[in-house]
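Student: So that we are looking at the same thing, I have put the structure below in structure tokens.
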Amino acid sequence: MAELAGAVDELAPTARKTGVFGEPVQEGEDASAFERLLARTGRDPRREQPHGGRFSRYG
């Protein structure tokens, strides 16, 4: 996870300028390391996926 965090930090300014990353969002107090990293990219780790399960592609 630390390697990914470093890459996110390095890429963040350009990724935000090009719309790949959004502005960081607040993570929950009990957020996992992955959820904290996801929040730094502007994705809300607490958001439910539209078709059911968290990672369900087809519902």
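If you're wondering about the labels, chains in the structure tokens are A, B, ... by order shown, residues count from 1 in each chain, ligands from 1 in order shown.
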Might you pull out every residue within 9 Å of A:Leu38, with only C-alpha atoms counted and same-chain residues fewer than 6 positions away left off, and present them as a ChimeraX atom specification?

Tutor: /A:24-25,27,44-45

Student: Skip A:Ala33 itself and residues of its chain fewer than 5 positions away, then list as a PyMOL selection string all residues within 10 Å of it, counting only C-alpha atoms.

Tutor: chain A and resi 1-2+5+38-39

Student: Store the residues picked out above in a file with N, CA, C and O atoms, as a PDB file, in the first residue's frame.

Tutor:
ATOM      1  N   MET A   1       0.831  -1.176   0.000  1.00  0.00           N
ATOM      2  CA  MET A   1       0.000   0.000   0.000  1.00  0.00           C
ATOM      3  C   MET A   1       0.880   1.245   0.000  1.00  0.00           C
ATOM      4  O   MET A   1       0.520   2.239  -0.602  1.00  0.00           O
ATOM      5  N   ALA A   2       2.018   1.196   0.666  1.00  0.00           N
ATOM      6  CA  ALA A   2       2.903   2.362   0.740  1.00  0.00           C
ATOM      7  C   ALA A   2       3.418   2.758  -0.642  1.00  0.00           C
ATOM      8  O   ALA A   2       3.513   3.948  -0.947  1.00  0.00           O
ATOM      9  N   ALA A   5       0.621   4.546  -2.360  1.00  0.00           N
ATOM     10  CA  ALA A   5       0.435   5.878  -1.780  1.00  0.00           C
ATOM     11  C   ALA A   5       1.462   6.850  -2.352  1.00  0.00           C
ATOM     12  O   ALA A   5       1.129   7.991  -2.688  1.00  0.00           O
ATOM     13  N   LEU A  38      -7.935   5.588  -1.546  1.00  0.00           N
ATOM     14  CA  LEU A  38      -8.996   5.886  -2.500  1.00  0.00           C
ATOM     15  C   LEU A  38      -9.538   7.297  -2.281  1.00  0.00           C
ATOM     16  O   LEU A  38      -9.748   8.048  -3.238  1.00  0.00           O
ATOM     17  N   ALA A  39      -9.717   7.689  -1.025  1.00  0.00           N
ATOM     18  CA  ALA A  39     -10.216   9.029  -0.707  1.00  0.00           C
ATOM     19  C   ALA A  39      -9.263  10.105  -1.207  1.00  0.00           C
ATOM     20  O   ALA A  39      -9.694  11.174  -1.641  1.00  0.00           O
TER      21      ALA A  39
END

Student: Atom CA of A:Gly42 and atom CA of A:Pro13, how far apart in Å?

Tutor: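 Separating atom CA of A:Pro13 from atom CA of A:Gly42 is a distance of 12.1 Å.
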
Student: Which of these residues is nearest to A:Gly28, using only C-alpha atoms: A:Leu11, A:Arg46, A:Arg16, A:Glu3?

Tutor: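 Once distances to A:Gly28 are computed over only C-alpha atoms, the minimum belongs to A:Arg46.
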
Student: For atom CA of A:Thr14 and atom CA of A:Asp30, quote the distance in Å rounded to one decimal.

Tutor: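 A separation of 29.0 Å between them.
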
Student: One decimal, in Å: what's the spacing between atom CA of A:Ala31 and atom CA of A:Ala15?

Tutor: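 About the pair atom CA of A:Ala31 and atom CA of A:Ala15: they are 23.0 Å apart.
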
Student: When you count only C-alpha atoms, which of these residues is closest to A:Ala7: A:Gly19, A:Glu35, A:Thr41, A:Glu29?

Tutor: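 The answer is A:Thr41, which sits nearest to A:Ala7.
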